[in-house]
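Here is the structure we will look at.
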Amino acid sequence: MDLATRYLGLALANPLIASSSPLTGALDNLRRLEDAGAAAVVLPSIFEEQIAAETAERERLARLSEGFPEASSFFPAGSVPEAGPHEQLALIARARAALSIPVIASLNGTTEFGWIEYARLVEQAGAQAIEINVYFPPVEPTLDGTAVERRHLAVLEALKRTVSVPVAMKLTPAFSAPGAVIRALDAAGADGFVLFNRLYQPDINLAALRPSRQAILSSRSEIGPGLLWIGALAGRLRGSLAAGTGVETAEEVIKYLLVGADTVMSTAALLRHGPAYLQALLEGLERWGQARGFASIESLRGCMSQAAVGRAMRMERGDYIQILQGFTPILPGAQGGE
Ligand SMILES: Cc1cc2nc3c(=O)[nH]c(=O)nc-3n(C[C@H](O)[C@H](O)[C@H](O)COP(=O)(O)O)c2cc1C
C-alpha cells in the first residue's frame, strides 16, 4: 500500500506524525520515532512567556551594565542571551541535522507583538514548518467570541508576515462555529490546521482540597469533534488537515483518514507505549487498507467525508433525536427481554 501523503506542502512517507510533547523534546526519542516510521515530528512548544522572560532578563542585564560600566566584566561576552530560549533553538538545529524526516517547530502564544519575531530564529534554526498553538481559554466572562477569533487571526497574520516556512494552526474546538473560524484562517493564509488541541480542564484533589493540575492523557472517545470537523472541511480548504486528538489504536488513524485528514498526530499513545508504538499504528493502518483493497492513502482519504457521504456524517438534529430516542436504558436488576 502506498502510504505517501502531503502536509503543509511537505511530501511525507506516511500520514503519522508525533505531535508536540516532552517525548519530542529529546534527540534520542526523535531518532526512535523516526526509526519507528514517524513521517514528521513536532517539537515541544516554545512559549510566548518563556521568550518574554528571557527578553526581559536580557534587557535587565543590559540596563545594569549601562549604569555601571564595570558591571560589564560580570557578564563576559556571550553570557547574556541575545533573545529567547536558546536550548529549544539548538534542539531544532540538532534535530534537523540528525533526522531525515521534516522537523516542525511549535510556538505557543496569544499576542501578535514582540515575541512573534522569535519565529524568525526558529526558521533560521532549520524548522521546515511552524505550528502555532494559540492556547487562549476565554475564561474572562466579559470577553466575547469575536475578540477571541480576532486574536487567532492577528497571531496568524503576524506570523505569516515574519516567516516564509508553512504555518499550521493548532486549534481547540471551543468556538461557537469552528467551521467559519477555520475557513477565515484558511483565507488569511494558514497552510494547515491541527484539529484539535485539547483544553485542559480544572479538577479538584479531594484529599488535599485544592485544585488538581495533572495532565490527563486523552482516550479514543475524544475523536468525535475531529471526525466531525475534518469531515466537514475536507476538500473545502486551501490548507491541509491534521487530526490531533485521541489516537489509541490504528482504528482511530483509519477513521481520521477516512473523513479526510491528510495526516494524523499522536501524543498520548506514544507516551503510554513508547516511540516504537508508532510502528504498530502504521502496520495496523497498512493491514486494514490492504484487506479492504485500498492501494494508497490517497484512495482511502476522504471516503467518509461529508463531501463523499453527505448528511450521514453531519450529526444534525435528526441524528441527535434518533440517538436520544433510540437509547434503551438497562437498569440495575432488570431481567431484560420484552
Ligand atoms: C505532557 C504533554 C505535553 C504537551 N506539550 C505540548 C506542547 O508543548 N505544545 C503543544 O502544542 N501541545 C502539547 N501537548 C498536546 C499534544 O501535542 C496533543 O495535541 C494532545 O495531547 C492531543 O493528542 P493525543 O490525544 O494524541 O494525546 C502536550 C500534551 C501532553 C500530554
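Going through the C-alpha cells in order, the chains are called A, B, and so on, while each chain numbers its residues from 1 and the ligands are numbered from 1 in the order shown.
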Show me, as a Markdown table, the residues of chain A having an atom within 7 Å of ligand 1, each with the closest atom pair and its distance in Å, using only C-alpha atoms and all ligand atoms.
```
| residue | atom | partner | partner_atom_place_in_ligand_line | distance |
| --- | --- | --- | --- | --- |
| A:Ser19 | CA | ligand 1 | 17 (O) | 4.5 |
| A:Ser20 | CA | ligand 1 | 17 (O) | 3.9 |
| A:Ser21 | CA | ligand 1 | 5 (N) | 3.9 |
| A:Pro22 | CA | ligand 1 | 3 (C) | 5.6 |
| A:Pro44 | CA | ligand 1 | 8 (O) | 4.1 |
| A:Ser45 | CA | ligand 1 | 8 (O) | 3.9 |
| A:Ser106 | CA | ligand 1 | 11 (O) | 6.3 |
| A:Asn108 | CA | ligand 1 | 11 (O) | 6.6 |
| A:Asn133 | CA | ligand 1 | 11 (O) | 5.3 |
| A:Lys170 | CA | ligand 1 | 11 (O) | 6.9 |
| A:Phe196 | CA | ligand 1 | 19 (O) | 6.9 |
| A:Asn197 | CA | ligand 1 | 19 (O) | 4.6 |
| A:Arg198 | CA | ligand 1 | 22 (C) | 5.7 |
| A:Ala215 | CA | ligand 1 | 31 (C) | 5.9 |
| A:Ile216 | CA | ligand 1 | 31 (C) | 6.9 |
| A:Leu217 | CA | ligand 1 | 31 (C) | 5.5 |
| A:Ser218 | CA | ligand 1 | 25 (O) | 4.6 |
| A:Ser219 | CA | ligand 1 | 25 (O) | 6.6 |
| A:Gly244 | CA | ligand 1 | 23 (O) | 5.2 |
| A:Thr245 | CA | ligand 1 | 25 (O) | 3.5 |
| A:Gly246 | CA | ligand 1 | 25 (O) | 3.7 |
| A:Val247 | CA | ligand 1 | 26 (O) | 5.3 |
| A:Met265 | CA | ligand 1 | 26 (O) | 6.2 |
| A:Ser266 | CA | ligand 1 | 26 (O) | 3.6 |
| A:Thr267 | CA | ligand 1 | 26 (O) | 3.8 |
| A:Ala268 | CA | ligand 1 | 27 (O) | 3.5 |
| A:Ala269 | CA | ligand 1 | 26 (O) | 6.1 |
```
Based on the selection just made, write N, CA, C and O atoms of those residues as an mmCIF file, in the first residue's frame.
```cif
data_model
loop_
_atom_site.group_PDB
_atom_site.id
_atom_site.type_symbol
_atom_site.label_atom_id
_atom_site.label_comp_id
_atom_site.auth_asym_id
_atom_site.auth_seq_id
_atom_site.Cartn_x
_atom_site.Cartn_y
_atom_site.Cartn_z
ATOM 1 N N SER A 19 3.118 14.306 17.650
ATOM 2 C CA SER A 19 2.786 15.694 17.997
ATOM 3 C C SER A 19 3.649 16.195 19.152
ATOM 4 O O SER A 19 4.403 15.449 19.787
ATOM 5 N N SER A 20 3.499 17.491 19.404
ATOM 6 C CA SER A 20 4.331 18.197 20.376
ATOM 7 C C SER A 20 4.126 17.663 21.797
ATOM 8 O O SER A 20 2.999 17.647 22.307
ATOM 9 N N SER A 21 5.200 17.235 22.435
ATOM 10 C CA SER A 21 5.115 16.767 23.831
ATOM 11 C C SER A 21 6.535 16.612 24.356
ATOM 12 O O SER A 21 7.491 16.718 23.590
ATOM 13 N N PRO A 22 6.700 16.290 25.648
ATOM 14 C CA PRO A 22 8.063 16.096 26.156
ATOM 15 C C PRO A 22 8.801 14.981 25.406
ATOM 16 O O PRO A 22 10.027 14.983 25.354
ATOM 17 N N PRO A 44 8.458 20.215 21.149
ATOM 18 C CA PRO A 44 7.690 20.874 22.221
ATOM 19 C C PRO A 44 7.583 22.376 21.958
ATOM 20 O O PRO A 44 8.481 22.968 21.361
ATOM 21 N N SER A 45 6.507 22.972 22.452
ATOM 22 C CA SER A 45 6.273 24.393 22.192
ATOM 23 C C SER A 45 7.331 25.283 22.824
ATOM 24 O O SER A 45 7.806 25.024 23.930
ATOM 25 N N SER A 106 7.123 24.262 17.212
ATOM 26 C CA SER A 106 5.837 24.708 17.746
ATOM 27 C C SER A 106 6.022 25.986 18.549
ATOM 28 O O SER A 106 6.878 26.056 19.429
ATOM 29 N N ASN A 108 3.828 28.841 20.898
ATOM 30 C CA ASN A 108 2.619 28.790 21.703
ATOM 31 C C ASN A 108 2.425 30.147 22.364
ATOM 32 O O ASN A 108 3.188 30.525 23.260
ATOM 33 N N ASN A 133 0.170 27.333 18.330
ATOM 34 C CA ASN A 133 -0.895 26.924 19.235
ATOM 35 C C ASN A 133 -1.315 28.174 20.018
ATOM 36 O O ASN A 133 -0.593 28.640 20.893
ATOM 37 N N LYS A 170 -2.871 25.166 15.343
ATOM 38 C CA LYS A 170 -3.408 24.100 16.191
ATOM 39 C C LYS A 170 -4.516 24.718 17.030
ATOM 40 O O LYS A 170 -4.263 25.626 17.826
ATOM 41 N N PHE A 196 -7.979 18.356 16.713
ATOM 42 C CA PHE A 196 -7.957 19.560 17.532
ATOM 43 C C PHE A 196 -6.918 19.415 18.626
ATOM 44 O O PHE A 196 -6.530 18.313 18.974
ATOM 45 N N ASN A 197 -6.594 20.553 19.262
ATOM 46 C CA ASN A 197 -5.858 20.564 20.513
ATOM 47 C C ASN A 197 -6.849 20.267 21.641
ATOM 48 O O ASN A 197 -8.045 20.424 21.476
ATOM 49 N N ARG A 198 -6.353 19.864 22.791
ATOM 50 C CA ARG A 198 -7.262 19.619 23.928
ATOM 51 C C ARG A 198 -7.173 20.784 24.906
ATOM 52 O O ARG A 198 -6.098 21.301 25.165
ATOM 53 N N ALA A 215 -1.856 16.529 33.955
ATOM 54 C CA ALA A 215 -2.238 16.298 32.559
ATOM 55 C C ALA A 215 -2.872 14.916 32.481
ATOM 56 O O ALA A 215 -2.245 13.920 32.832
ATOM 57 N N ILE A 216 -4.141 14.878 32.090
ATOM 58 C CA ILE A 216 -4.807 13.585 31.913
ATOM 59 C C ILE A 216 -4.726 13.236 30.434
ATOM 60 O O ILE A 216 -5.136 14.036 29.585
ATOM 61 N N LEU A 217 -4.174 12.088 30.133
ATOM 62 C CA LEU A 217 -3.992 11.721 28.724
ATOM 63 C C LEU A 217 -5.338 11.431 28.079
ATOM 64 O O LEU A 217 -6.288 10.992 28.732
ATOM 65 N N SER A 218 -5.402 11.667 26.779
ATOM 66 C CA SER A 218 -6.668 11.512 26.054
ATOM 67 C C SER A 218 -7.041 10.036 25.920
ATOM 68 O O SER A 218 -6.227 9.152 26.149
ATOM 69 N N SER A 219 -8.282 9.806 25.507
ATOM 70 C CA SER A 219 -8.707 8.447 25.176
ATOM 71 C C SER A 219 -9.403 8.486 23.821
ATOM 72 O O SER A 219 -9.732 9.556 23.307
ATOM 73 N N GLY A 244 -5.794 15.620 15.421
ATOM 74 C CA GLY A 244 -4.909 15.883 16.552
ATOM 75 C C GLY A 244 -5.131 15.148 17.850
ATOM 76 O O GLY A 244 -4.233 15.132 18.686
ATOM 77 N N THR A 245 -6.288 14.535 18.079
ATOM 78 C CA THR A 245 -6.553 14.016 19.432
ATOM 79 C C THR A 245 -7.169 12.616 19.412
ATOM 80 O O THR A 245 -7.986 12.302 18.549
ATOM 81 N N GLY A 246 -6.751 11.806 20.382
ATOM 82 C CA GLY A 246 -7.491 10.580 20.703
ATOM 83 C C GLY A 246 -7.050 9.317 19.993
ATOM 84 O O GLY A 246 -7.765 8.316 20.023
ATOM 85 N N VAL A 247 -5.870 9.333 19.362
ATOM 86 C CA VAL A 247 -5.405 8.103 18.707
ATOM 87 C C VAL A 247 -4.919 7.126 19.772
ATOM 88 O O VAL A 247 -3.989 7.429 20.520
ATOM 89 N N MET A 265 -1.895 12.904 14.012
ATOM 90 C CA MET A 265 -0.860 13.105 15.027
ATOM 91 C C MET A 265 -1.163 12.284 16.286
ATOM 92 O O MET A 265 -2.325 12.021 16.586
ATOM 93 N N SER A 266 -0.116 11.973 17.010
ATOM 94 C CA SER A 266 -0.318 11.227 18.253
ATOM 95 C C SER A 266 0.665 11.673 19.322
ATOM 96 O O SER A 266 1.847 11.890 19.041
ATOM 97 N N THR A 267 0.153 11.824 20.534
ATOM 98 C CA THR A 267 0.993 12.041 21.718
ATOM 99 C C THR A 267 0.707 10.990 22.778
ATOM 100 O O THR A 267 1.586 10.225 23.176
ATOM 101 N N ALA A 268 -0.559 10.940 23.255
ATOM 102 C CA ALA A 268 -0.875 10.095 24.417
ATOM 103 C C ALA A 268 -0.455 8.643 24.192
ATOM 104 O O ALA A 268 0.166 8.025 25.068
ATOM 105 N N ALA A 269 -0.766 8.097 23.014
ATOM 106 C CA ALA A 269 -0.455 6.680 22.755
ATOM 107 C C ALA A 269 1.053 6.455 22.808
ATOM 108 O O ALA A 269 1.523 5.426 23.313
#
```
**OP:** Give the strand (DSSP E or B) residues of segment 3-188 of chain A, as DSSP finds them on the backbone, and put them as a PyMOL selection string.
**Re:** chain A and resi 5-7+10-12+16-18+40-47+103-108+129-133+167-171
Using only C-alpha atoms, tabulate the residues of segment 113-178 of chain A lying at most 9 Å from any atom of segment 84-91 of chain A, each with its closest atom pair and that distance in Å to one decimal, by chain and increasing residue number, as a tab-separated table.
```
residue	atom	partner	partner_atom	distance
A:Trp115	CA	A:Gly84	CA	8.6
A:Tyr118	CA	A:Gly84	CA	7.3
A:Leu121	CA	A:Leu89	CA	7.4
A:Val122	CA	A:Leu89	CA	6.2
A:Gln124	CA	A:Leu89	CA	8.9
A:Ala125	CA	A:Leu89	CA	6.0
A:Gly126	CA	A:Leu89	CA	8.7
```
Subject >> Filtered DSSP result for segment 120-169 of chain A, state alpha helix (DSSP H), as a PyMOL selection string >> reply: chain A and resi 120-125+145-162
C-alpha atoms of the current selection, written as a short mmCIF file (atom, residue, chain, number, x, y, z; two decimals), in the first residue's frame:
```cif
data_model
loop_
_atom_site.label_atom_id
_atom_site.label_comp_id
_atom_site.auth_asym_id
_atom_site.auth_seq_id
_atom_site.Cartn_x
_atom_site.Cartn_y
_atom_site.Cartn_z
CA ARG A 120 12.49 34.15 12.53
CA LEU A 121 15.13 32.46 14.74
CA VAL A 122 13.07 29.28 14.70
CA GLU A 123 13.05 29.36 10.91
CA GLN A 124 16.79 30.11 10.79
CA ALA A 125 17.45 27.19 13.16
CA GLY A 145 -16.27 35.27 20.87
CA THR A 146 -15.42 37.74 18.13
CA ALA A 147 -12.47 39.05 20.16
CA VAL A 148 -11.16 35.51 20.60
CA GLU A 149 -11.45 34.84 16.87
CA ARG A 150 -9.75 38.17 16.04
CA ARG A 151 -6.89 37.21 18.35
CA HIS A 152 -6.30 33.99 16.38
CA LEU A 153 -6.37 35.88 13.10
CA ALA A 154 -3.95 38.56 14.34
CA VAL A 155 -1.42 35.97 15.57
CA LEU A 156 -1.60 34.10 12.26
CA GLU A 157 -1.19 37.24 10.17
CA ALA A 158 1.80 38.42 12.24
CA LEU A 159 3.45 35.02 11.92
CA LYS A 160 2.87 34.84 8.17
CA ARG A 161 4.48 38.27 7.81
CA THR A 162 7.52 37.07 9.79
#
```
**OP:** Find the residues near segment 251-258 of chain A: any atom within 8 Å, counting only C-alpha atoms, skip ones fewer than 6 places away on the same chain, and give them as a PyMOL selection string.
**Re:** chain A and resi 220+223+226-227+230+243+264+281+284-285+297+300-305
**OP:** Would you mind reading off the distance between atom CA of Ile130 of chain A and atom CA of Ala105 of chain A, one decimal, in Å?
**Re:** 4.9 Å
Original post:
What's the 9 Å shell around Val167 of chain A, counting only C-alpha atoms, without same-chain residues fewer than 3 positions away, as a VMD selection string?
Top reply: chain A and resid 8 129 to 132 156 159 to 160 163 to 164 189 to 193
